[in-house]
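*Asks:* My questions will all concern the structure given below.
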Amino acid sequence: MTHHPGDICQDLLKAARAAGADAADAIVLQGSSVSVEVRKGALEHAERSEDTDLGLRVLLGQRQALVSTSDMRPEALTEMAERAVAMAREAPEDPYCGLAEASELAADVSAEALDLADPTDPPTPEALMQDALAAEAVAMAVEGVTQVSDAAAGYGEHYVHLAASNGFSGGYARTGRSLSCVAISGSGTGMERDYDGDSRTHQSDLRKPEEIGRLAAERAVSIQGARKPQTGTFPVLFDERISSSLIGHLMAACNGASVARGSSWLSDGLHTQVLPEGLSLIEDPHRPRASSSRPFDAEGLATRRRVVVDKGVLMGWTLDLASGRKLDMPSTGNATRGVSSPPSPSSWNLSLTQGIASRADLMRDMGTGLLVTSMIGSTINPNTGDYSRGASGFWIENGEIAYPVNECTIAGNLRDMLLRIIPANDARTYLSRVVPSLLIEGMTLAGN
């Protein structure tokens, strides 16, 4: 038996058929990664890993079961399939489980146009360490920085292959290169920390370590002397670093699994206005070099560009086959899965319409309020959309930053909040979620 992921999948499918499965699909994830962390000018931690994980889902009528392993021996695959079939016999019936029909499968499984794998040589551990050291050194040179808690660099190569008894078989490779730095300013009870980092599929796109170290340091110094803001109702400007979380809450409410369960605050929102009239939200899984791009989903269906929100109006749910069947709708090609979990719906690359104003323009227009640059904790009621999160950032007076703030809570209701967002023009277009800074008027702020 060869260890090529596609051949491993086929071996798993043969074992499943021999064990008595009516249908099956198999997924193989192969990956290798190396990461380093430095501190005080020296290597603190280095790690290298190589893994192969196998997952098998078998179906007996309307019953299904999943098993996973990292053992690729032929006898282990046979035992794995037999165990899965035995588990399926005892599983409850699920009228919505099942593989895709042959007519639904992706015709083109090539990921070449997506440019997800860097063809250049992987960086050496020494090169990774030098990048981390460079970021740390620049951060430490910034006045007011007392220490760098960690600077880290990493690289990974991953390959995924999916095959099923309906005839689908496809796989693709992906690479990732990352660099981050966490800086601390002040001392004792007056210590403040902030960070910067970057992650790309291609090494040549990665921002320079000197820029990452400098920005992490400047951010840490800028929040020195933070205090609680006043309590009341104020405009809140979500910085581009964290504004995508709001769109994440919208997509969670659009998830077909949640809608089918009746646990989404947006269950009655299809074809209604959920964003301001001028804003659209586009999902595009075919953006080159983007971290959430892929040619097919975890059920072998072709991924495609779709308009989630068109000029403020919600156009559709995010669906895999099972959630689509529950809602009597076709899958949108948004299934994802791991080796030990069944498919479930998930979103890919997202882009929100950008505004024409800069973040500084929105600050000027808001007058007095809060610029949020970091959030901690989360209390989101999935049924009502009630929103409450801890926040820190900067207090704005007369349209300008007055002082840093922390230990405050911002609250509202997502349905109302999203209808009032005003976008800036500062989104980073290479991110998986391209979302600019967002201003929301009239939020409840709890501080002093």
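Each chain of the structure tokens is named A, B, ... in the order shown, its residues numbered from 1; ligands are numbered from 1 in display order.
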Extract, using only C-alpha atoms, all DNA, RNA and protein residues at most 7 Å from region 31-41 of chain A, discarding same-chain residues fewer than 3 positions from it, and format them as a PyMOL selection string.
*Replies:* chain A and resi 44-52+128-129+132-133+149-159
*Asks:* Excluding same-chain residues fewer than 4 positions from region 105-112 of chain A, what lies within 7 Å of it counting only C-alpha atoms, as a VMD selection string?
*Replies:* chain A and resid 100 to 101 168 170 172 294 to 296 300 to 302
*Asks:* Okay, now the selection with all heavy atoms, as a PDB file, in the first residue's frame?
*Replies:*
ATOM      1  N   ALA A 100     -23.461  13.226  -1.581  1.00  0.00           N
ATOM      2  CA  ALA A 100     -23.992  13.992  -2.704  1.00  0.00           C
ATOM      3  C   ALA A 100     -24.307  13.058  -3.869  1.00  0.00           C
ATOM      4  O   ALA A 100     -23.699  11.991  -4.021  1.00  0.00           O
ATOM      5  CB  ALA A 100     -22.977  15.046  -3.150  1.00  0.00           C
ATOM      6  N   GLU A 101     -25.281  13.450  -4.684  1.00  0.00           N
ATOM      7  CA  GLU A 101     -25.533  12.735  -5.925  1.00  0.00           C
ATOM      8  C   GLU A 101     -24.389  13.018  -6.893  1.00  0.00           C
ATOM      9  O   GLU A 101     -23.737  14.070  -6.824  1.00  0.00           O
ATOM     10  CB  GLU A 101     -26.853  13.193  -6.544  1.00  0.00           C
ATOM     11  CG  GLU A 101     -28.084  12.927  -5.692  1.00  0.00           C
ATOM     12  CD  GLU A 101     -28.339  11.437  -5.509  1.00  0.00           C
ATOM     13  OE1 GLU A 101     -27.994  10.650  -6.425  1.00  0.00           O
ATOM     14  OE2 GLU A 101     -28.880  11.059  -4.456  1.00  0.00           O
ATOM     15  N   PHE A 168     -16.442  10.706  -6.207  1.00  0.00           N
ATOM     16  CA  PHE A 168     -15.617  11.903  -6.063  1.00  0.00           C
ATOM     17  C   PHE A 168     -14.233  11.552  -5.532  1.00  0.00           C
ATOM     18  O   PHE A 168     -14.075  10.700  -4.659  1.00  0.00           O
ATOM     19  CB  PHE A 168     -16.266  12.902  -5.098  1.00  0.00           C
ATOM     20  CG  PHE A 168     -15.447  14.153  -4.944  1.00  0.00           C
ATOM     21  CD1 PHE A 168     -15.544  15.168  -5.868  1.00  0.00           C
ATOM     22  CD2 PHE A 168     -14.549  14.294  -3.893  1.00  0.00           C
ATOM     23  CE1 PHE A 168     -14.765  16.313  -5.753  1.00  0.00           C
ATOM     24  CE2 PHE A 168     -13.775  15.433  -3.763  1.00  0.00           C
ATOM     25  CZ  PHE A 168     -13.880  16.444  -4.706  1.00  0.00           C
ATOM     26  N   GLY A 170     -10.580  14.103  -4.891  1.00  0.00           N
ATOM     27  CA  GLY A 170      -9.838  15.326  -5.164  1.00  0.00           C
ATOM     28  C   GLY A 170      -9.035  15.763  -3.956  1.00  0.00           C
ATOM     29  O   GLY A 170      -9.373  15.431  -2.814  1.00  0.00           O
ATOM     30  N   TYR A 172      -5.798  18.892  -2.587  1.00  0.00           N
ATOM     31  CA  TYR A 172      -4.988  20.075  -2.881  1.00  0.00           C
ATOM     32  C   TYR A 172      -4.058  20.356  -1.714  1.00  0.00           C
ATOM     33  O   TYR A 172      -4.284  19.912  -0.587  1.00  0.00           O
ATOM     34  CB  TYR A 172      -5.862  21.300  -3.163  1.00  0.00           C
ATOM     35  CG  TYR A 172      -6.840  21.649  -2.081  1.00  0.00           C
ATOM     36  CD1 TYR A 172      -6.488  22.526  -1.054  1.00  0.00           C
ATOM     37  CD2 TYR A 172      -8.120  21.106  -2.078  1.00  0.00           C
ATOM     38  CE1 TYR A 172      -7.381  22.856  -0.062  1.00  0.00           C
ATOM     39  CE2 TYR A 172      -9.032  21.426  -1.083  1.00  0.00           C
ATOM     40  CZ  TYR A 172      -8.663  22.296  -0.082  1.00  0.00           C
ATOM     41  OH  TYR A 172      -9.550  22.606   0.911  1.00  0.00           O
ATOM     42  N   ARG A 294     -10.725  27.468  -1.670  1.00  0.00           N
ATOM     43  CA  ARG A 294     -10.688  26.025  -1.943  1.00  0.00           C
ATOM     44  C   ARG A 294     -11.519  25.733  -3.189  1.00  0.00           C
ATOM     45  O   ARG A 294     -12.505  26.427  -3.458  1.00  0.00           O
ATOM     46  CB  ARG A 294     -11.225  25.228  -0.757  1.00  0.00           C
ATOM     47  CG  ARG A 294     -12.651  25.522  -0.379  1.00  0.00           C
ATOM     48  CD  ARG A 294     -12.880  25.191   1.077  1.00  0.00           C
ATOM     49  NE  ARG A 294     -12.100  26.069   1.920  1.00  0.00           N
ATOM     50  CZ  ARG A 294     -11.575  25.719   3.103  1.00  0.00           C
ATOM     51  NH1 ARG A 294     -11.756  24.503   3.577  1.00  0.00           N
ATOM     52  NH2 ARG A 294     -10.890  26.582   3.817  1.00  0.00           N
ATOM     53  N   PRO A 295     -11.140  24.702  -3.959  1.00  0.00           N
ATOM     54  CA  PRO A 295     -11.870  24.411  -5.192  1.00  0.00           C
ATOM     55  C   PRO A 295     -13.145  23.612  -4.966  1.00  0.00           C
ATOM     56  O   PRO A 295     -14.050  23.647  -5.801  1.00  0.00           O
ATOM     57  CB  PRO A 295     -10.859  23.597  -6.008  1.00  0.00           C
ATOM     58  CG  PRO A 295     -10.011  22.922  -4.974  1.00  0.00           C
ATOM     59  CD  PRO A 295      -9.911  23.898  -3.834  1.00  0.00           C
ATOM     60  N   PHE A 296     -13.220  22.866  -3.864  1.00  0.00           N
ATOM     61  CA  PHE A 296     -14.416  22.076  -3.559  1.00  0.00           C
ATOM     62  C   PHE A 296     -14.587  22.014  -2.046  1.00  0.00           C
ATOM     63  O   PHE A 296     -13.651  22.288  -1.288  1.00  0.00           O
ATOM     64  CB  PHE A 296     -14.311  20.666  -4.148  1.00  0.00           C
ATOM     65  CG  PHE A 296     -13.079  19.916  -3.720  1.00  0.00           C
ATOM     66  CD1 PHE A 296     -13.037  19.198  -2.528  1.00  0.00           C
ATOM     67  CD2 PHE A 296     -11.933  19.924  -4.512  1.00  0.00           C
ATOM     68  CE1 PHE A 296     -11.899  18.512  -2.130  1.00  0.00           C
ATOM     69  CE2 PHE A 296     -10.780  19.238  -4.118  1.00  0.00           C
ATOM     70  CZ  PHE A 296     -10.763  18.527  -2.928  1.00  0.00           C
ATOM     71  N   GLY A 300     -17.445  17.323  -1.603  1.00  0.00           N
ATOM     72  CA  GLY A 300     -17.128  17.162  -3.016  1.00  0.00           C
ATOM     73  C   GLY A 300     -17.901  18.079  -3.940  1.00  0.00           C
ATOM     74  O   GLY A 300     -17.839  17.912  -5.161  1.00  0.00           O
ATOM     75  N   LEU A 301     -18.616  19.052  -3.401  1.00  0.00           N
ATOM     76  CA  LEU A 301     -19.349  19.996  -4.234  1.00  0.00           C
ATOM     77  C   LEU A 301     -18.452  21.171  -4.605  1.00  0.00           C
ATOM     78  O   LEU A 301     -17.584  21.570  -3.829  1.00  0.00           O
ATOM     79  CB  LEU A 301     -20.595  20.512  -3.508  1.00  0.00           C
ATOM     80  CG  LEU A 301     -21.844  19.643  -3.553  1.00  0.00           C
ATOM     81  CD1 LEU A 301     -21.628  18.332  -2.818  1.00  0.00           C
ATOM     82  CD2 LEU A 301     -23.039  20.387  -2.958  1.00  0.00           C
ATOM     83  N   ALA A 302     -18.675  21.708  -5.783  1.00  0.00           N
ATOM     84  CA  ALA A 302     -17.884  22.853  -6.229  1.00  0.00           C
ATOM     85  C   ALA A 302     -18.189  24.068  -5.367  1.00  0.00           C
ATOM     86  O   ALA A 302     -19.354  24.344  -5.052  1.00  0.00           O
ATOM     87  CB  ALA A 302     -18.183  23.160  -7.689  1.00  0.00           C
TER      88      ALA A 302
END
*Asks:* Just checking: using only C-alpha atoms, which residue out of A:Ala252, A:Leu246, A:Ala135, A:Arg305 ends up closest to Tyr195 (chain A)?
*Replies:* A:Ala135
*Asks:* Find the residues around Ala163 (chain A) up to 7 Å (only C-alpha atoms counted), leave out those fewer than 4 positions away in its own chain, and share them as an MDAnalysis selection string.
*Replies:* chainID A and resid 9:10 25:27 168:170
*Asks:* Set the distance at 12 Å and use only C-alpha atoms: which residues neighbour Ala427 (chain A) once local chain neighbours fewer than 6 positions away are removed? I'd like the list as a list in words.
*Replies:*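 The filter keeps Phe238, Asp239, Glu240, Arg241, Ile242, Ser243, Ser244, Leu350, Ser351, Leu352, Thr353, Gln354, Gly355, Ile356, Ala357, Ser358, Arg359, Arg433, Val434, Val435, Pro436, Ser437 and Leu438 of chain A.
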*Asks:* Nearest to Val372 (chain A): which of A:Gly338, A:Gly262, A:Gly188, A:Gly393 is it, counting only C-alpha atoms?
*Replies:*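 When distances to Val372 (chain A) are compared using only C-alpha atoms, the smallest one comes from A:Gly393.
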*Asks:* So which one's closest to Ile422 (chain A), A:Ala446, A:Ile380, A:Val236, A:Gln130? Using only C-alpha atoms, please.
*Replies:* A:Val236
*Asks:* Near region 13-19 of chain A, counting only C-alpha atoms, which residues have an atom at most 6 Å away, once you skip same-chain residues fewer than 5 positions from it, shown as a list in words?
*Replies:* Thr78, Ala81 and Glu82 of chain A
*Asks:* Export, as a PDB file, in the first residue's frame, the selected residues with N, CA, C and O atoms.
*Replies:*
ATOM      1  N   THR A  78      -8.554  -1.895   7.818  1.00  0.00           N
ATOM      2  CA  THR A  78      -9.620  -2.905   7.844  1.00  0.00           C
ATOM      3  C   THR A  78     -10.365  -2.861   9.172  1.00  0.00           C
ATOM      4  O   THR A  78     -11.602  -2.854   9.219  1.00  0.00           O
ATOM      5  N   ALA A  81     -12.558   0.290   9.391  1.00  0.00           N
ATOM      6  CA  ALA A  81     -13.801   0.194   8.632  1.00  0.00           C
ATOM      7  C   ALA A  81     -14.811  -0.714   9.337  1.00  0.00           C
ATOM      8  O   ALA A  81     -16.010  -0.397   9.405  1.00  0.00           O
ATOM      9  N   GLU A  82     -14.348  -1.834   9.848  1.00  0.00           N
ATOM     10  CA  GLU A  82     -15.254  -2.757  10.541  1.00  0.00           C
ATOM     11  C   GLU A  82     -15.849  -2.110  11.792  1.00  0.00           C
ATOM     12  O   GLU A  82     -17.031  -2.295  12.102  1.00  0.00           O
TER      13      GLU A  82
END
*Asks:* So, with only C-alpha atoms as the atoms that count, which of A:Gly316, A:Met417, A:Ser204, A:Ala86 lies closest to Ser267 (chain A)?
*Replies:*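 Looking only at the distances to Ser267 (chain A), the closest residue turns out to be A:Gly316.
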*Asks:* Quick check for you: according to DSSP on this backbone, which residues of region 294-374 of chain A are classed as strand (DSSP E or B)? Reply as a PyMOL selection string.
*Replies:* chain A and resi 296+301-302+306-310+313-314+318+335-336+344-345+350-352+357+369-374
*Asks:* Could you dump the residues just selected with N, CA, C and O atoms as an mmCIF file, in the first residue's frame?
*Replies:*
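Now in result21.cif:
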data_model
loop_
_atom_site.group_PDB
_atom_site.id
_atom_site.type_symbol
_atom_site.label_atom_id
_atom_site.label_comp_id
_atom_site.auth_asym_id
_atom_site.auth_seq_id
_atom_site.Cartn_x
_atom_site.Cartn_y
_atom_site.Cartn_z
ATOM 1 N N PHE A 296 -13.220 22.866 -3.864
ATOM 2 C CA PHE A 296 -14.416 22.076 -3.559
ATOM 3 C C PHE A 296 -14.587 22.014 -2.046
ATOM 4 O O PHE A 296 -13.651 22.288 -1.288
ATOM 5 N N LEU A 301 -18.616 19.052 -3.401
ATOM 6 C CA LEU A 301 -19.349 19.996 -4.234
ATOM 7 C C LEU A 301 -18.452 21.171 -4.605
ATOM 8 O O LEU A 301 -17.584 21.570 -3.829
ATOM 9 N N ALA A 302 -18.675 21.708 -5.783
ATOM 10 C CA ALA A 302 -17.884 22.853 -6.229
ATOM 11 C C ALA A 302 -18.189 24.068 -5.367
ATOM 12 O O ALA A 302 -19.354 24.344 -5.052
ATOM 13 N N ARG A 306 -20.726 33.732 -4.137
ATOM 14 C CA ARG A 306 -22.153 33.991 -3.915
ATOM 15 C C ARG A 306 -22.331 35.304 -3.165
ATOM 16 O O ARG A 306 -21.456 35.748 -2.407
ATOM 17 N N VAL A 307 -23.450 35.914 -3.384
ATOM 18 C CA VAL A 307 -23.810 37.156 -2.709
ATOM 19 C C VAL A 307 -24.622 36.784 -1.472
ATOM 20 O O VAL A 307 -25.764 36.349 -1.580
ATOM 21 N N VAL A 308 -24.034 36.935 -0.312
ATOM 22 C CA VAL A 308 -24.727 36.615 0.932
ATOM 23 C C VAL A 308 -25.739 37.706 1.266
ATOM 24 O O VAL A 308 -26.892 37.436 1.610
ATOM 25 N N VAL A 309 -25.288 38.959 1.169
ATOM 26 C CA VAL A 309 -26.158 40.117 1.389
ATOM 27 C C VAL A 309 -26.038 41.026 0.177
ATOM 28 O O VAL A 309 -24.939 41.411 -0.210
ATOM 29 N N ASP A 310 -27.157 41.343 -0.439
ATOM 30 C CA ASP A 310 -27.165 42.185 -1.631
ATOM 31 C C ASP A 310 -27.830 43.513 -1.307
ATOM 32 O O ASP A 310 -29.038 43.580 -1.063
ATOM 33 N N VAL A 313 -29.860 43.320 1.780
ATOM 34 C CA VAL A 313 -30.861 42.262 1.894
ATOM 35 C C VAL A 313 -30.186 40.893 1.952
ATOM 36 O O VAL A 313 -29.358 40.561 1.094
ATOM 37 N N LEU A 314 -30.550 40.096 2.945
ATOM 38 C CA LEU A 314 -29.996 38.747 3.096
ATOM 39 C C LEU A 314 -30.551 37.845 2.008
ATOM 40 O O LEU A 314 -31.762 37.645 1.905
ATOM 41 N N THR A 318 -26.032 29.699 4.706
ATOM 42 C CA THR A 318 -24.805 28.954 4.434
ATOM 43 C C THR A 318 -25.108 27.488 4.708
ATOM 44 O O THR A 318 -25.384 27.108 5.843
ATOM 45 N N ALA A 335 -19.668 22.999 2.893
ATOM 46 C CA ALA A 335 -19.396 21.982 3.907
ATOM 47 C C ALA A 335 -17.924 21.984 4.295
ATOM 48 O O ALA A 335 -17.041 22.120 3.451
ATOM 49 N N THR A 336 -17.687 21.836 5.592
ATOM 50 C CA THR A 336 -16.337 21.643 6.097
ATOM 51 C C THR A 336 -16.374 20.482 7.071
ATOM 52 O O THR A 336 -17.431 20.128 7.600
ATOM 53 N N SER A 344 -20.294 19.975 8.213
ATOM 54 C CA SER A 344 -21.137 21.031 8.767
ATOM 55 C C SER A 344 -20.880 22.290 7.951
ATOM 56 O O SER A 344 -19.816 22.450 7.352
ATOM 57 N N PRO A 345 -21.851 23.212 7.888
ATOM 58 C CA PRO A 345 -21.676 24.402 7.049
ATOM 59 C C PRO A 345 -20.727 25.425 7.666
ATOM 60 O O PRO A 345 -20.710 25.627 8.879
ATOM 61 N N LEU A 350 -14.787 36.318 2.841
ATOM 62 C CA LEU A 350 -15.890 37.275 2.836
ATOM 63 C C LEU A 350 -15.362 38.687 2.614
ATOM 64 O O LEU A 350 -14.290 39.043 3.106
ATOM 65 N N SER A 351 -16.136 39.497 1.898
ATOM 66 C CA SER A 351 -15.776 40.904 1.672
ATOM 67 C C SER A 351 -17.013 41.767 1.852
ATOM 68 O O SER A 351 -18.039 41.545 1.207
ATOM 69 N N LEU A 352 -16.902 42.756 2.732
ATOM 70 C CA LEU A 352 -17.979 43.715 2.954
ATOM 71 C C LEU A 352 -17.686 44.978 2.155
ATOM 72 O O LEU A 352 -16.522 45.400 2.053
ATOM 73 N N ALA A 357 -15.083 56.957 3.485
ATOM 74 C CA ALA A 357 -14.439 57.741 4.541
ATOM 75 C C ALA A 357 -13.313 56.943 5.182
ATOM 76 O O ALA A 357 -13.358 55.715 5.254
ATOM 77 N N GLY A 369 -16.974 59.385 21.853
ATOM 78 C CA GLY A 369 -17.341 57.972 21.869
ATOM 79 C C GLY A 369 -16.124 57.103 22.086
ATOM 80 O O GLY A 369 -15.085 57.557 22.587
ATOM 81 N N LEU A 370 -16.230 55.856 21.684
ATOM 82 C CA LEU A 370 -15.193 54.862 21.948
ATOM 83 C C LEU A 370 -14.672 54.262 20.660
ATOM 84 O O LEU A 370 -15.453 53.810 19.809
ATOM 85 N N LEU A 371 -13.341 54.234 20.521
ATOM 86 C CA LEU A 371 -12.666 53.483 19.473
ATOM 87 C C LEU A 371 -12.204 52.169 20.092
ATOM 88 O O LEU A 371 -11.365 52.173 20.998
ATOM 89 N N VAL A 372 -12.751 51.061 19.633
ATOM 90 C CA VAL A 372 -12.415 49.757 20.195
ATOM 91 C C VAL A 372 -11.320 49.114 19.352
ATOM 92 O O VAL A 372 -11.461 48.953 18.132
ATOM 93 N N THR A 373 -10.216 48.744 20.004
ATOM 94 C CA THR A 373 -9.118 48.073 19.305
ATOM 95 C C THR A 373 -8.898 46.644 19.788
ATOM 96 O O THR A 373 -8.160 45.889 19.169
ATOM 97 N N SER A 374 -9.539 46.284 20.897
ATOM 98 C CA SER A 374 -9.379 44.930 21.434
ATOM 99 C C SER A 374 -10.629 44.547 22.198
ATOM 100 O O SER A 374 -11.247 45.395 22.861
#
*Asks:* Report the distance between CA of Ala102 (chain A) and CA of Asp115 (chain A) in Å, rounded to one decimal place.
*Replies:*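 These atoms are spaced 27.2 Å apart.
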*Asks:* Produce a table with one row for each residue of region 152-262 of chain A that has an atom at most 8 Å from any atom of region 278-293 of chain A, each row naming the nearest atom pair and its distance in Å at one decimal; use only C-alpha atoms; arrange rows by chain and rising residue number; format as a Markdown table.
*Replies:*
| residue | atom | partner | partner_atom | distance |
| --- | --- | --- | --- | --- |
| A:Arg200 | CA | A:Ser291 | CA | 7.4 |
| A:Thr201 | CA | A:Arg289 | CA | 5.8 |
| A:His202 | CA | A:Arg289 | CA | 7.3 |
